[in-house]
Amino acid sequence: MALSADVVVVGSGMAGACAALAAREKGADVLLVARAPGATALSSGAIDFGGNAQDATVGEGARLLAHKAGHPYALFGDSLPTVLERTMAFLRRHLASLALDGARMAADKCLWLPTPVGTARPAALVPSPIAGADLRNLSSRPVRLGVVAFAGAQQIEAGLAAAGLTRLLAPLGEAVSAAIDLYRTREDALRTIPELARDLDRPGRRDLFAASLLRAANAVRATHLLVPTLGLSNPVAMRAQLERTVGRPVFEALGAPPSVPGLRLQAALANALRAAGVRRMDGIAERSTDGAVQIVQGVDCYTVRAGAVVLASGRFIGGGIRSESGSGLLHETVFDLPAFAAGRRSIAALPSEELFAVKASGQHPGMAAGIRVGADLRPLDAPAADAALFACGTVIGGFDPSRDTGGLGTCALTGLVAGERAAQAASRAGTSAAAEAIG
């Protein structure tokens, strides 16, 4: 069976979703192929564009990264600030349900948000219930931040987080652990944060949670509260209800995998794709014998005639990059393009070979592995016949989202540009009457 689309996008994470939405905005008929939800669901829920200098603006942080060898930002030159601002507006528009807060311009500064381990991380955009915990703002006033803990090991973790946040809030503020009395059983201690978030969405649970928070806040004399979760379905409404009861500002913490904010972000992207009219097909995309794209779905195989293809298949977690057993040879998994880590085709899992650094603070070239692309986001090592092939997100090498070198924001930015260029390439190829309206 044969399918057709102006643009085929491989991957459903942040990069793939943005590429599909951008191509759709240009009038293209878009088919998105996904074999799994994507690594975005594992993210903290914060959208950053990279850079960890606390006083730097979003644009300054991105420009610093653009000077790093191989970073995708270097491809955009002087247009990088403009593309950043377009990406932020694009995300606010398509993810309106998340009530994103933070930077609107490249000249705006990042939010600095508390992590589950008591450190701070930058974010340009984040859902409003999380954005209120901006440490730059909180540290400017006398604050006693109650770090709320559920049952089990979370109480120990909350104490460690409070110790770290006290250093960040000094000299005016401090943080203290605040254990609530709602989730206290052994069964509760074995539940994950997403499981507890689902429980809080049950009828009547918000009222019990609010009353328990009030008792905990009073016990430790907290002026503000940082909670592990505000439920899965409607965190804005839950936050408003809790604040009415406790009489204090309440913030949601950034997530650690499995992350509730990450799950919400992935769900919001899926909703945006449906609303935009992007077709989705679950399956494994691969190259067919005639050089086209085919989708394998169980025992069925579908050939796809496409005007352009966007690779947004991720890195190791997403399955877009693979290291062969034994040889350590790196390659991309859909078109079998060569992939590189620190300029090498193969990596071995030894510190001497620098797949991972000896120290946590060292460089981890293996975590920035990927294919090489040109200024137009076309793979440099693709055959000439694949002129309408583009790439975005972590399948591109040169940046590691876990090390402040650009996370979801970099995926969104490259996805936006790749999607637009794919739509333009499909239009030039004249693949459909709808594509002719693309500007």
# chains A, B, ... in the order shown; residues from 1 in each chain; ligands from 1

call {"tool": "select_by_dssp", "arguments": {"residues": "segment 48-240 of chain A", "states": "strand (DSSP E or B)", "output": "mmCIF file with N, CA, C and O atoms, in the first residue's frame"}}
result
data_model
loop_
_atom_site.group_PDB
_atom_site.id
_atom_site.type_symbol
_atom_site.label_atom_id
_atom_site.label_comp_id
_atom_site.auth_asym_id
_atom_site.auth_seq_id
_atom_site.Cartn_x
_atom_site.Cartn_y
_atom_site.Cartn_z
ATOM 1 N N THR A 57 21.287 37.018 29.013
ATOM 2 C CA THR A 57 19.974 36.926 28.392
ATOM 3 C C THR A 57 19.895 35.623 27.591
ATOM 4 O O THR A 57 20.909 34.944 27.372
ATOM 5 N N LEU A 100 2.521 28.953 29.161
ATOM 6 C CA LEU A 100 3.968 29.134 29.265
ATOM 7 C C LEU A 100 4.315 30.546 29.716
ATOM 8 O O LEU A 100 3.730 31.527 29.267
ATOM 9 N N ASP A 101 5.296 30.629 30.609
ATOM 10 C CA ASP A 101 5.765 31.910 31.127
ATOM 11 C C ASP A 101 7.264 31.978 30.915
ATOM 12 O O ASP A 101 7.943 30.965 30.721
ATOM 13 N N GLY A 102 7.819 33.199 30.959
ATOM 14 C CA GLY A 102 9.254 33.369 30.801
ATOM 15 C C GLY A 102 9.580 34.358 29.712
ATOM 16 O O GLY A 102 8.881 35.354 29.520
ATOM 17 N N LYS A 109 15.992 37.724 30.171
ATOM 18 C CA LYS A 109 16.805 36.776 30.925
ATOM 19 C C LYS A 109 16.029 35.490 31.189
ATOM 20 O O LYS A 109 14.800 35.457 31.166
ATOM 21 N N LEU A 111 14.638 32.311 33.406
ATOM 22 C CA LEU A 111 14.234 31.983 34.770
ATOM 23 C C LEU A 111 15.265 31.015 35.335
ATOM 24 O O LEU A 111 15.878 30.236 34.609
ATOM 25 N N TRP A 112 15.459 31.070 36.665
ATOM 26 C CA TRP A 112 16.327 30.104 37.333
ATOM 27 C C TRP A 112 15.471 29.328 38.320
ATOM 28 O O TRP A 112 14.966 29.884 39.285
ATOM 29 N N LEU A 113 15.307 28.045 38.047
ATOM 30 C CA LEU A 113 14.314 27.246 38.746
ATOM 31 C C LEU A 113 14.962 26.176 39.617
ATOM 32 O O LEU A 113 15.977 25.584 39.237
ATOM 33 N N PRO A 114 14.357 25.898 40.779
ATOM 34 C CA PRO A 114 14.897 24.851 41.648
ATOM 35 C C PRO A 114 14.700 23.471 41.056
ATOM 36 O O PRO A 114 13.641 23.162 40.509
ATOM 37 N N ALA A 120 19.968 24.874 40.781
ATOM 38 C CA ALA A 120 19.153 25.731 39.930
ATOM 39 C C ALA A 120 19.490 25.460 38.473
ATOM 40 O O ALA A 120 20.643 25.170 38.139
ATOM 41 N N ARG A 121 18.495 25.535 37.616
ATOM 42 C CA ARG A 121 18.739 25.370 36.190
ATOM 43 C C ARG A 121 18.002 26.455 35.427
ATOM 44 O O ARG A 121 16.922 26.898 35.830
ATOM 45 N N PRO A 122 18.580 26.913 34.307
ATOM 46 C CA PRO A 122 17.944 27.985 33.540
ATOM 47 C C PRO A 122 16.829 27.453 32.657
ATOM 48 O O PRO A 122 16.849 26.307 32.205
ATOM 49 N N ALA A 123 15.868 28.301 32.395
ATOM 50 C CA ALA A 123 14.785 27.960 31.470
ATOM 51 C C ALA A 123 14.267 29.247 30.851
ATOM 52 O O ALA A 123 14.065 30.241 31.549
ATOM 53 N N LEU A 125 11.367 29.194 28.872
ATOM 54 C CA LEU A 125 9.918 29.052 28.917
ATOM 55 C C LEU A 125 9.564 27.869 29.803
ATOM 56 O O LEU A 125 10.208 26.815 29.732
ATOM 57 N N VAL A 126 8.524 28.039 30.599
ATOM 58 C CA VAL A 126 8.107 26.982 31.505
ATOM 59 C C VAL A 126 6.650 27.227 31.875
ATOM 60 O O VAL A 126 6.191 28.383 31.875
ATOM 61 N N PRO A 127 5.860 26.192 32.163
ATOM 62 C CA PRO A 127 4.478 26.415 32.591
ATOM 63 C C PRO A 127 4.400 27.326 33.803
ATOM 64 O O PRO A 127 5.260 27.287 34.693
ATOM 65 N N ARG A 144 10.830 32.042 53.273
ATOM 66 C CA ARG A 144 11.052 30.742 53.914
ATOM 67 C C ARG A 144 10.285 29.719 53.063
ATOM 68 O O ARG A 144 9.072 29.558 53.185
ATOM 69 N N LEU A 145 11.017 29.083 52.169
ATOM 70 C CA LEU A 145 10.423 28.194 51.179
ATOM 71 C C LEU A 145 10.264 26.796 51.761
ATOM 72 O O LEU A 145 11.243 26.146 52.130
ATOM 73 N N GLY A 146 9.035 26.330 51.841
ATOM 74 C CA GLY A 146 8.776 24.984 52.313
ATOM 75 C C GLY A 146 8.844 23.995 51.157
ATOM 76 O O GLY A 146 8.043 24.060 50.229
ATOM 77 N N VAL A 147 9.825 23.093 51.189
ATOM 78 C CA VAL A 147 9.989 22.066 50.163
ATOM 79 C C VAL A 147 9.169 20.865 50.593
ATOM 80 O O VAL A 147 9.536 20.148 51.528
ATOM 81 N N VAL A 148 8.049 20.654 49.963
ATOM 82 C CA VAL A 148 7.081 19.655 50.401
ATOM 83 C C VAL A 148 7.533 18.255 49.991
ATOM 84 O O VAL A 148 8.016 18.039 48.878
ATOM 85 N N ALA A 149 7.368 17.312 50.923
ATOM 86 C CA ALA A 149 7.754 15.932 50.690
ATOM 87 C C ALA A 149 6.565 15.007 50.894
ATOM 88 O O ALA A 149 5.755 15.217 51.792
ATOM 89 N N GLU A 174 15.609 31.337 52.992
ATOM 90 C CA GLU A 174 16.047 29.995 53.334
ATOM 91 C C GLU A 174 14.972 29.010 52.887
ATOM 92 O O GLU A 174 13.853 29.400 52.539
ATOM 93 N N ALA A 175 15.320 27.731 52.879
ATOM 94 C CA ALA A 175 14.381 26.678 52.525
ATOM 95 C C ALA A 175 14.370 25.628 53.621
ATOM 96 O O ALA A 175 15.404 25.350 54.243
ATOM 97 N N VAL A 176 13.207 25.047 53.874
ATOM 98 C CA VAL A 176 13.056 24.013 54.894
ATOM 99 C C VAL A 176 12.217 22.884 54.322
ATOM 100 O O VAL A 176 11.381 23.088 53.435
ATOM 101 N N SER A 177 12.450 21.688 54.825
ATOM 102 C CA SER A 177 11.652 20.544 54.422
ATOM 103 C C SER A 177 10.301 20.594 55.117
ATOM 104 O O SER A 177 10.211 20.929 56.302
ATOM 105 N N ALA A 178 9.249 20.263 54.387
ATOM 106 C CA ALA A 178 7.887 20.294 54.950
ATOM 107 C C ALA A 178 7.175 19.014 54.556
ATOM 108 O O ALA A 178 6.723 18.859 53.421
ATOM 109 N N ALA A 179 7.092 18.058 55.487
ATOM 110 C CA ALA A 179 6.444 16.779 55.220
ATOM 111 C C ALA A 179 4.945 16.906 55.453
ATOM 112 O O ALA A 179 4.505 17.412 56.494
ATOM 113 N N HIS A 224 6.251 30.343 51.442
ATOM 114 C CA HIS A 224 5.986 29.849 50.097
ATOM 115 C C HIS A 224 6.144 28.333 50.125
ATOM 116 O O HIS A 224 6.864 27.801 50.980
ATOM 117 N N LEU A 225 5.498 27.643 49.194
ATOM 118 C CA LEU A 225 5.565 26.189 49.160
ATOM 119 C C LEU A 225 5.974 25.704 47.767
ATOM 120 O O LEU A 225 5.476 26.194 46.751
ATOM 121 N N LEU A 226 6.882 24.730 47.748
ATOM 122 C CA LEU A 226 7.311 24.073 46.520
ATOM 123 C C LEU A 226 6.855 22.624 46.601
ATOM 124 O O LEU A 226 7.344 21.858 47.436
ATOM 125 N N VAL A 227 5.897 22.239 45.758
ATOM 126 C CA VAL A 227 5.295 20.906 45.856
ATOM 127 C C VAL A 227 5.802 20.009 44.727
ATOM 128 O O VAL A 227 6.145 20.488 43.646
#

call {"tool": "select_by_dssp", "arguments": {"residues": "segment 214-348 of chain A", "states": "helix (DSSP H, G or I)", "output": "PyMOL selection string"}}
result
chain A and resi 214-220+235-246+260-276

call {"tool": "write_last_selection", "arguments": {"atoms": "N, CA, C and O atoms", "output": "CSV table (one decimal), in the first residue's frame"}}
result
chain,number,residue,atom,x,y,z
A,214,LEU,N,-1.7,23.0,54.3
A,214,LEU,CA,-1.8,24.1,55.2
A,214,LEU,C,-1.2,23.7,56.6
A,214,LEU,O,-0.5,24.6,57.2
A,215,ARG,N,-1.5,22.5,57.0
A,215,ARG,CA,-0.9,22.1,58.3
A,215,ARG,C,0.6,22.0,58.2
A,215,ARG,O,1.4,22.5,59.2
A,216,ALA,N,1.2,21.5,57.1
A,216,ALA,CA,2.6,21.5,57.0
A,216,ALA,C,3.3,22.8,56.9
A,216,ALA,O,4.3,23.1,57.5
A,217,ALA,N,2.6,23.8,56.2
A,217,ALA,CA,3.2,25.1,56.1
A,217,ALA,C,3.2,25.8,57.4
A,217,ALA,O,4.2,26.5,57.7
A,218,ASN,N,2.1,25.7,58.2
A,218,ASN,CA,2.1,26.3,59.5
A,218,ASN,C,3.1,25.7,60.4
A,218,ASN,O,3.7,26.4,61.2
A,219,ALA,N,3.3,24.4,60.3
A,219,ALA,CA,4.3,23.7,61.2
A,219,ALA,C,5.7,24.2,61.0
A,219,ALA,O,6.5,24.3,62.0
A,220,VAL,N,6.1,24.6,59.8
A,220,VAL,CA,7.5,25.0,59.5
A,220,VAL,C,7.6,26.5,59.3
A,220,VAL,O,8.6,27.0,58.9
A,235,PRO,N,-3.0,21.7,36.3
A,235,PRO,CA,-2.2,22.2,37.3
A,235,PRO,C,-2.5,23.7,37.7
A,235,PRO,O,-2.3,24.1,38.8
A,236,VAL,N,-2.9,24.5,36.7
A,236,VAL,CA,-3.2,25.9,37.0
A,236,VAL,C,-4.4,26.0,37.9
A,236,VAL,O,-4.4,26.8,38.9
A,237,ALA,N,-5.5,25.2,37.7
A,237,ALA,CA,-6.6,25.2,38.6
A,237,ALA,C,-6.3,24.7,39.9
A,237,ALA,O,-6.7,25.2,41.0
A,238,MET,N,-5.5,23.6,40.0
A,238,MET,CA,-5.1,23.1,41.3
A,238,MET,C,-4.3,24.1,42.1
A,238,MET,O,-4.5,24.2,43.3
A,239,ARG,N,-3.4,24.7,41.4
A,239,ARG,CA,-2.5,25.7,42.1
A,239,ARG,C,-3.4,26.8,42.7
A,239,ARG,O,-3.2,27.2,43.9
A,240,ALA,N,-4.4,27.3,41.9
A,240,ALA,CA,-5.3,28.4,42.5
A,240,ALA,C,-6.1,27.9,43.7
A,240,ALA,O,-6.2,28.6,44.6
A,241,GLN,N,-6.6,26.7,43.6
A,241,GLN,CA,-7.3,26.1,44.7
A,241,GLN,C,-6.4,26.0,46.0
A,241,GLN,O,-6.9,26.3,47.1
A,242,LEU,N,-5.2,25.5,45.8
A,242,LEU,CA,-4.3,25.3,46.9
A,242,LEU,C,-4.0,26.6,47.6
A,242,LEU,O,-3.9,26.8,48.8
A,243,GLU,N,-3.7,27.6,46.7
A,243,GLU,CA,-3.3,28.9,47.3
A,243,GLU,C,-4.5,29.6,48.0
A,243,GLU,O,-4.3,30.3,49.0
A,244,ARG,N,-5.7,29.3,47.6
A,244,ARG,CA,-6.8,29.9,48.4
A,244,ARG,C,-6.9,29.2,49.8
A,244,ARG,O,-7.3,29.9,50.7
A,245,THR,N,-6.6,28.0,49.9
A,245,THR,CA,-6.6,27.3,51.2
A,245,THR,C,-5.5,27.6,52.1
A,245,THR,O,-5.6,27.9,53.2
A,246,VAL,N,-4.2,27.6,51.5
A,246,VAL,CA,-3.1,27.7,52.4
A,246,VAL,C,-2.7,29.2,52.6
A,246,VAL,O,-1.9,29.5,53.5
A,260,VAL,N,6.2,14.5,35.6
A,260,VAL,CA,4.8,15.0,35.3
A,260,VAL,C,4.8,16.1,34.3
A,260,VAL,O,4.0,16.1,33.3
A,261,PRO,N,5.6,17.2,34.5
A,261,PRO,CA,5.6,18.3,33.5
A,261,PRO,C,6.0,17.8,32.1
A,261,PRO,O,5.5,18.3,31.1
A,262,GLY,N,6.9,16.8,32.1
A,262,GLY,CA,7.3,16.3,30.8
A,262,GLY,C,6.2,15.5,30.1
A,262,GLY,O,6.0,15.7,28.9
A,263,LEU,N,5.4,14.8,30.9
A,263,LEU,CA,4.3,14.1,30.3
A,263,LEU,C,3.2,15.1,29.8
A,263,LEU,O,2.6,14.9,28.8
A,264,ARG,N,3.0,16.2,30.6
A,264,ARG,CA,2.1,17.2,30.2
A,264,ARG,C,2.5,17.8,28.9
A,264,ARG,O,1.7,18.1,28.0
A,265,LEU,N,3.8,18.1,28.8
A,265,LEU,CA,4.4,18.7,27.6
A,265,LEU,C,4.2,17.8,26.3
A,265,LEU,O,3.7,18.3,25.3
A,266,GLN,N,4.4,16.5,26.5
A,266,GLN,CA,4.2,15.6,25.4
A,266,GLN,C,2.8,15.6,25.0
A,266,GLN,O,2.4,15.5,23.8
A,267,ALA,N,1.9,15.6,26.0
A,267,ALA,CA,0.4,15.5,25.7
A,267,ALA,C,0.0,16.8,25.0
A,267,ALA,O,-0.8,16.8,24.0
A,268,ALA,N,0.6,18.0,25.4
A,268,ALA,CA,0.2,19.2,24.8
A,268,ALA,C,0.7,19.3,23.3
A,268,ALA,O,0.0,19.8,22.4
A,269,LEU,N,1.9,18.7,23.0
A,269,LEU,CA,2.3,18.6,21.6
A,269,LEU,C,1.4,17.8,20.8
A,269,LEU,O,1.1,18.1,19.7
A,270,ALA,N,1.0,16.6,21.4
A,270,ALA,CA,0.1,15.7,20.6
A,270,ALA,C,-1.2,16.4,20.3
A,270,ALA,O,-1.8,16.3,19.2
A,271,ASN,N,-1.7,17.2,21.3
A,271,ASN,CA,-3.0,17.9,21.1
A,271,ASN,C,-2.8,19.0,20.0
A,271,ASN,O,-3.7,19.2,19.2
A,272,ALA,N,-1.7,19.7,20.0
A,272,ALA,CA,-1.4,20.7,19.0
A,272,ALA,C,-1.3,20.1,17.6
A,272,ALA,O,-1.8,20.7,16.6
A,273,LEU,N,-0.7,18.9,17.5
A,273,LEU,CA,-0.6,18.3,16.2
A,273,LEU,C,-2.0,17.9,15.7
A,273,LEU,O,-2.3,18.1,14.5
A,274,ARG,N,-2.9,17.4,16.5
A,274,ARG,CA,-4.2,17.0,16.1
A,274,ARG,C,-5.0,18.3,15.7
A,274,ARG,O,-5.7,18.3,14.7
A,275,ALA,N,-4.9,19.3,16.5
A,275,ALA,CA,-5.6,20.6,16.2
A,275,ALA,C,-5.1,21.2,14.8
A,275,ALA,O,-5.9,21.8,14.1
A,276,ALA,N,-3.9,21.0,14.5
A,276,ALA,CA,-3.3,21.5,13.2
A,276,ALA,C,-3.6,20.7,12.0
A,276,ALA,O,-3.4,21.1,10.9

call {"tool": "closest_atom_pairs", "arguments": {"of": "segment 260-372 of chain A", "to": "segment 394-411 of chain A", "cutoff": "8 Å", "atoms": "only C-alpha atoms", "output": "Markdown table"}}
result
| residue | atom | partner | partner_atom | distance |
| --- | --- | --- | --- | --- |
| A:Leu311 | CA | A:Val395 | CA | 7.5 |
| A:Ala312 | CA | A:Val395 | CA | 6.4 |
| A:Ser313 | CA | A:Val395 | CA | 6.1 |
| A:Gly314 | CA | A:Val395 | CA | 4.6 |
| A:Arg315 | CA | A:Val395 | CA | 5.0 |
| A:Gly320 | CA | A:Val395 | CA | 6.0 |
| A:Ile321 | CA | A:Val395 | CA | 6.6 |
| A:Glu332 | CA | A:Val395 | CA | 7.7 |
| A:Ala339 | CA | A:Gly397 | CA | 7.8 |
| A:Phe340 | CA | A:Gly397 | CA | 7.1 |
| A:Ala341 | CA | A:Gly397 | CA | 7.3 |
| A:Ala342 | CA | A:Gly398 | CA | 8.0 |
| A:Met367 | CA | A:Asp400 | CA | 5.7 |
| A:Ala368 | CA | A:Asp400 | CA | 4.8 |
| A:Ala369 | CA | A:Gly397 | CA | 4.7 |
| A:Gly370 | CA | A:Gly397 | CA | 3.6 |
| A:Ile371 | CA | A:Ile396 | CA | 5.0 |
| A:Arg372 | CA | A:Ile396 | CA | 6.3 |

call {"tool": "closest_residue", "arguments": {"among": "A:Arg287, A:Arg191, A:Arg280, A:Arg136", "to": "Gly11 of chain A", "atoms": "only C-alpha atoms"}}
result
A:Arg280

call {"tool": "atom_distance", "arguments": {"atom1": "atom CA of Gln154 of chain A", "atom2": "atom CA of Thr192 of chain A"}}
result
10.2 Å

call {"tool": "residues_around", "arguments": {"residues": "Ala23 of chain A", "least_positions_apart": "5", "cutoff": "8 Å", "atoms": "only C-alpha atoms", "output": "JSON, numbers by chain"}}
result
{"A": [7, 28, 29, 30, 419, 420, 421, 422, 423]}

call {"tool": "write_last_selection", "arguments": {"atoms": "all heavy atoms", "output": "PDB file, in the first residue's frame"}}
result
ATOM      1  N   VAL A   7       5.100  16.480   3.270  1.00  0.00           N
ATOM      2  CA  VAL A   7       6.224  16.378   4.195  1.00  0.00           C
ATOM      3  C   VAL A   7       5.989  15.198   5.129  1.00  0.00           C
ATOM      4  O   VAL A   7       4.914  15.075   5.723  1.00  0.00           O
ATOM      5  CB  VAL A   7       6.395  17.670   5.022  1.00  0.00           C
ATOM      6  CG1 VAL A   7       7.518  17.500   6.057  1.00  0.00           C
ATOM      7  CG2 VAL A   7       6.691  18.863   4.115  1.00  0.00           C
ATOM      8  N   ALA A  28       1.528  22.746   4.086  1.00  0.00           N
ATOM      9  CA  ALA A  28       1.875  21.402   3.630  1.00  0.00           C
ATOM     10  C   ALA A  28       0.962  20.354   4.259  1.00  0.00           C
ATOM     11  O   ALA A  28       0.502  20.503   5.394  1.00  0.00           O
ATOM     12  CB  ALA A  28       3.329  21.090   3.961  1.00  0.00           C
ATOM     13  N   ASP A  29       0.711  19.295   3.518  1.00  0.00           N
ATOM     14  CA  ASP A  29       0.071  18.099   4.055  1.00  0.00           C
ATOM     15  C   ASP A  29       1.156  17.291   4.746  1.00  0.00           C
ATOM     16  O   ASP A  29       2.143  16.896   4.104  1.00  0.00           O
ATOM     17  CB  ASP A  29      -0.570  17.302   2.917  1.00  0.00           C
ATOM     18  CG  ASP A  29      -1.090  15.952   3.395  1.00  0.00           C
ATOM     19  OD1 ASP A  29      -1.678  15.900   4.487  1.00  0.00           O
ATOM     20  OD2 ASP A  29      -0.890  14.960   2.672  1.00  0.00           O
ATOM     21  N   VAL A  30       1.007  17.046   6.048  1.00  0.00           N
ATOM     22  CA  VAL A  30       2.096  16.484   6.844  1.00  0.00           C
ATOM     23  C   VAL A  30       1.692  15.138   7.428  1.00  0.00           C
ATOM     24  O   VAL A  30       0.605  14.988   8.000  1.00  0.00           O
ATOM     25  CB  VAL A  30       2.500  17.440   7.989  1.00  0.00           C
ATOM     26  CG1 VAL A  30       3.662  16.849   8.790  1.00  0.00           C
ATOM     27  CG2 VAL A  30       2.885  18.808   7.432  1.00  0.00           C
ATOM     28  N   GLY A 419      11.122  22.238   9.494  1.00  0.00           N
ATOM     29  CA  GLY A 419       9.768  22.064   8.988  1.00  0.00           C
ATOM     30  C   GLY A 419       9.423  23.075   7.909  1.00  0.00           C
ATOM     31  O   GLY A 419       8.809  22.738   6.885  1.00  0.00           O
ATOM     32  N   GLU A 420       9.815  24.330   8.134  1.00  0.00           N
ATOM     33  CA  GLU A 420       9.549  25.365   7.120  1.00  0.00           C
ATOM     34  C   GLU A 420      10.289  25.071   5.822  1.00  0.00           C
ATOM     35  O   GLU A 420       9.733  25.214   4.723  1.00  0.00           O
ATOM     36  CB  GLU A 420       9.947  26.729   7.675  1.00  0.00           C
ATOM     37  CG  GLU A 420       9.043  27.222   8.799  1.00  0.00           C
ATOM     38  CD  GLU A 420       9.510  28.547   9.382  1.00  0.00           C
ATOM     39  OE1 GLU A 420      10.686  28.921   9.168  1.00  0.00           O
ATOM     40  OE2 GLU A 420       8.690  29.196  10.054  1.00  0.00           O
ATOM     41  N   ARG A 421      11.557  24.669   5.937  1.00  0.00           N
ATOM     42  CA  ARG A 421      12.342  24.418   4.732  1.00  0.00           C
ATOM     43  C   ARG A 421      11.858  23.168   3.999  1.00  0.00           C
ATOM     44  O   ARG A 421      11.898  23.109   2.768  1.00  0.00           O
ATOM     45  CB  ARG A 421      13.816  24.316   5.104  1.00  0.00           C
ATOM     46  CG  ARG A 421      14.365  25.664   5.535  1.00  0.00           C
ATOM     47  CD  ARG A 421      15.797  25.624   5.998  1.00  0.00           C
ATOM     48  NE  ARG A 421      16.239  26.976   6.346  1.00  0.00           N
ATOM     49  CZ  ARG A 421      17.386  27.257   6.967  1.00  0.00           C
ATOM     50  NH1 ARG A 421      18.198  26.275   7.304  1.00  0.00           N
ATOM     51  NH2 ARG A 421      17.709  28.495   7.249  1.00  0.00           N
ATOM     52  N   ALA A 422      11.394  22.180   4.750  1.00  0.00           N
ATOM     53  CA  ALA A 422      10.839  20.988   4.111  1.00  0.00           C
ATOM     54  C   ALA A 422       9.575  21.335   3.337  1.00  0.00           C
ATOM     55  O   ALA A 422       9.360  20.840   2.221  1.00  0.00           O
ATOM     56  CB  ALA A 422      10.553  19.923   5.166  1.00  0.00           C
ATOM     57  N   ALA A 423       8.726  22.175   3.935  1.00  0.00           N
ATOM     58  CA  ALA A 423       7.505  22.591   3.246  1.00  0.00           C
ATOM     59  C   ALA A 423       7.832  23.355   1.967  1.00  0.00           C
ATOM     60  O   ALA A 423       7.178  23.180   0.925  1.00  0.00           O
ATOM     61  CB  ALA A 423       6.647  23.442   4.178  1.00  0.00           C
TER      62      ALA A 423
END

call {"tool": "residues_around", "arguments": {"residues": "Leu196 of chain A", "least_positions_apart": "4", "cutoff": "9 Å", "atoms": "only C-alpha atoms", "output": "list of chain:residue names"}}
result
A:Tyr183, A:Asp188, A:Arg191, A:Thr192, A:Leu200, A:Asp201, A:Thr229, A:Gly231

call {"tool": "closest_residue", "arguments": {"among": "A:Ile47, A:Leu337, A:Leu413, A:Ala39", "to": "Leu380 of chain A", "atoms": "only C-alpha atoms"}}
result
A:Leu337

call {"tool": "closest_residue", "arguments": {"among": "A:Arg92, A:His71, A:Arg104, A:Lys26", "to": "Ala375 of chain A", "atoms": "only C-alpha atoms"}}
result
A:His71

call {"tool": "atom_distance", "arguments": {"atom1": "atom CA of Gln297 of chain A", "atom2": "atom CA of Gly38 of chain A"}}
result
17.4 Å

call {"tool": "closest_residue", "arguments": {"among": "A:Gly173, A:Pro249, A:Gly255, A:Gly283", "to": "Pro194 of chain A", "atoms": "only C-alpha atoms"}}
result
A:Gly255

call {"tool": "residues_around", "arguments": {"residues": "segment 322-326 of chain A", "least_positions_apart": "4", "cutoff": "9 Å", "atoms": "only C-alpha atoms", "output": "PDB file with C-alpha atoms, in the first residue's frame"}}
result
ATOM      1  CA  ARG A 315      19.611  10.262  19.628  1.00  0.00           C
ATOM      2  CA  PHE A 316      20.129   7.122  21.711  1.00  0.00           C
ATOM      3  CA  LEU A 330      27.836   5.223  14.901  1.00  0.00           C
ATOM      4  CA  HIS A 331      25.067   5.587  12.373  1.00  0.00           C
ATOM      5  CA  GLU A 332      21.637   7.103  11.912  1.00  0.00           C
ATOM      6  CA  THR A 333      18.940   4.443  11.843  1.00  0.00           C
ATOM      7  CA  ALA A 339      27.056   9.733  12.706  1.00  0.00           C
ATOM      8  CA  SER A 346      33.125   5.091  16.322  1.00  0.00           C
ATOM      9  CA  ILE A 347      33.226   5.261  20.096  1.00  0.00           C
ATOM     10  CA  ALA A 348      34.120   2.719  22.722  1.00  0.00           C
TER      11      ALA A 348
END

call {"tool": "closest_residue", "arguments": {"among": "A:Pro171, A:Val58, A:Thr115, A:Met14", "to": "Glu157 of chain A", "atoms": "only C-alpha atoms"}}
result
A:Thr115

call {"tool": "atom_distance", "arguments": {"atom1": "atom CA of His364 of chain A", "atom2": "atom CA of Pro72 of chain A"}}
result
17.0 Å

call {"tool": "residues_around", "arguments": {"residues": "Ala285 of chain A", "least_positions_apart": "3", "cutoff": "12 Å", "atoms": "only C-alpha atoms", "output": "ChimeraX atom specification"}}
result
/A:8-11,31-36,281-282,288,292-298,301-304,309-313,319-320,332-336

call {"tool": "residues_around", "arguments": {"residues": "Ala429 of chain A", "least_positions_apart": "5", "cutoff": "9 Å", "atoms": "only C-alpha atoms", "output": "compact mmCIF listing (two decimals) with all heavy atoms, in the first residue's frame"}}
result
# COMPACT_ATOMS: atom_id res chain seq x y z
N GLY A 307 7.22 14.76 -0.71
CA GLY A 307 7.96 15.84 -1.32
C GLY A 307 9.22 16.18 -0.55
O GLY A 307 10.22 16.61 -1.12
N ALA A 308 9.20 15.96 0.78
CA ALA A 308 10.36 16.22 1.63
C ALA A 308 10.23 15.38 2.89
O ALA A 308 9.12 15.00 3.30
CB ALA A 308 10.47 17.70 1.98
N GLN A 424 8.84 24.19 2.02
CA GLN A 424 9.26 24.95 0.83
C GLN A 424 9.82 24.02 -0.24
O GLN A 424 9.54 24.19 -1.43
CB GLN A 424 10.28 26.00 1.23
CG GLN A 424 9.69 27.12 2.08
CD GLN A 424 10.73 27.93 2.82
OE1 GLN A 424 11.93 27.65 2.72
NE2 GLN A 424 10.30 28.92 3.57

call {"tool": "closest_residue", "arguments": {"among": "A:Asp199, A:Asp108, A:Glu252, A:Asp381", "to": "Glu85 of chain A", "atoms": "only C-alpha atoms"}}
result
A:Asp108
